[in-house]
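Undergrad: Below you will find the structure I want to go over with you.
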Amino acid sequence: MRHYFLTFILGLTLLSCSNDELNTFNFEGQTFIHSFFETEQECLEAQPTPDFFINCHQELRIHDSNSAEIMLTDILYSVTYKIENNSLILFPHESLYEFDENLTFEIIDHKTLKSIDFNSTWKLMEGNSIWD
């Protein structure tokens with residue numbers, strides 16, 4: 001009987017929450033990574049010469065409630081963003097000609113974003129290295 005009561009209370013609590021409360025995302029201070037290689041060793045082996053280094057990943061750093069930086073290839077872009085309808089939308093500054101379209105990420109959960117534009121998965125960086 002106690003189990004049924006706890007299940008009832010939990011269900012009632014969930015039903016009383018609005019969708020907005022259940023889908024609130026705060027990514028401030030977080031970094032998301034899209035890696036081109038599974039391991040650091042694979043990345044190192046893919047380098048063309050000792051004098052030239054290709055990036056092993058792309059990176060999205062969320063600074064505060066509306067500013068972020070995204071690294072595409074080897075260029076870091078300052079952007080603004082908003083979260084709307086389970087999407088994180090990046091807006092480039094007007095002066096950026098190389099990156100002039102908004103980028104949209106579907107929010108899968110608090111640790112995973114999916115780039116709609118590049119069809120790639122971006123994972124929360126949880127350690128001090130992209131390989132953690």
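Chains: A, B, ... in order of the structure tokens. Residues: from 1 per chain. Ligands: from 1, in order shown.
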Apply DSSP to the structure's backbone, then extract all residues of region 42-117 of chain A labelled strand (DSSP E) and return them as a PyMOL selection string.
TA: chain A and resi 57-62+67-72+75-84+87-92+103-109+112-115
Undergrad: Mind writing the picked residues with C-alpha atoms as an mmCIF file, in the first residue's frame?
TA:
```cif
data_model
loop_
_atom_site.group_PDB
_atom_site.id
_atom_site.type_symbol
_atom_site.label_atom_id
_atom_site.label_comp_id
_atom_site.auth_asym_id
_atom_site.auth_seq_id
_atom_site.Cartn_x
_atom_site.Cartn_y
_atom_site.Cartn_z
ATOM 1 C CA HIS A 57 37.351 18.556 -32.597
ATOM 2 C CA GLN A 58 34.864 21.390 -32.736
ATOM 3 C CA GLU A 59 33.890 23.204 -29.569
ATOM 4 C CA LEU A 60 31.005 25.270 -28.224
ATOM 5 C CA ARG A 61 31.653 27.299 -25.030
ATOM 6 C CA ILE A 62 28.644 28.849 -23.321
ATOM 7 C CA SER A 67 26.950 34.822 -25.172
ATOM 8 C CA ALA A 68 29.084 31.936 -26.373
ATOM 9 C CA GLU A 69 31.988 30.999 -28.634
ATOM 10 C CA ILE A 70 32.073 28.267 -31.228
ATOM 11 C CA MET A 71 35.205 26.844 -32.781
ATOM 12 C CA LEU A 72 34.663 25.576 -36.331
ATOM 13 C CA ILE A 75 38.521 29.620 -36.069
ATOM 14 C CA LEU A 76 36.857 30.788 -32.861
ATOM 15 C CA TYR A 77 33.661 32.819 -33.392
ATOM 16 C CA SER A 78 31.904 34.954 -30.788
ATOM 17 C CA VAL A 79 28.136 34.481 -30.959
ATOM 18 C CA THR A 80 24.964 35.164 -29.052
ATOM 19 C CA TYR A 81 22.396 32.458 -28.448
ATOM 20 C CA LYS A 82 18.917 31.718 -27.211
ATOM 21 C CA ILE A 83 17.125 28.584 -26.142
ATOM 22 C CA GLU A 84 13.747 28.081 -27.773
ATOM 23 C CA SER A 87 16.743 24.133 -29.464
ATOM 24 C CA LEU A 88 19.849 26.180 -28.806
ATOM 25 C CA ILE A 89 20.210 28.708 -31.623
ATOM 26 C CA LEU A 90 23.502 30.531 -32.275
ATOM 27 C CA PHE A 91 23.503 33.959 -33.904
ATOM 28 C CA PRO A 92 26.745 35.191 -35.488
ATOM 29 C CA LEU A 103 23.301 27.487 -36.282
ATOM 30 C CA THR A 104 20.709 25.322 -34.548
ATOM 31 C CA PHE A 105 21.341 22.562 -32.027
ATOM 32 C CA GLU A 106 18.612 20.221 -30.857
ATOM 33 C CA ILE A 107 18.858 19.781 -27.090
ATOM 34 C CA ILE A 108 18.848 16.032 -26.489
ATOM 35 C CA ASP A 109 19.502 16.357 -22.738
ATOM 36 C CA THR A 112 24.105 16.226 -25.385
ATOM 37 C CA LEU A 113 23.370 18.581 -28.280
ATOM 38 C CA LYS A 114 22.771 17.606 -31.901
ATOM 39 C CA SER A 115 23.803 20.074 -34.583
#
```
Undergrad: Hey, can you check how far CA of Thr73 (chain A) sits from CA of Asn55 (chain A)?
TA: 6.5 Å
Undergrad: Using only C-alpha atoms for the distances, tell me which of A:Glu42, A:Glu126, A:Glu101, A:Asp64 is nearest to Glu28 (chain A).
TA: A:Asp64
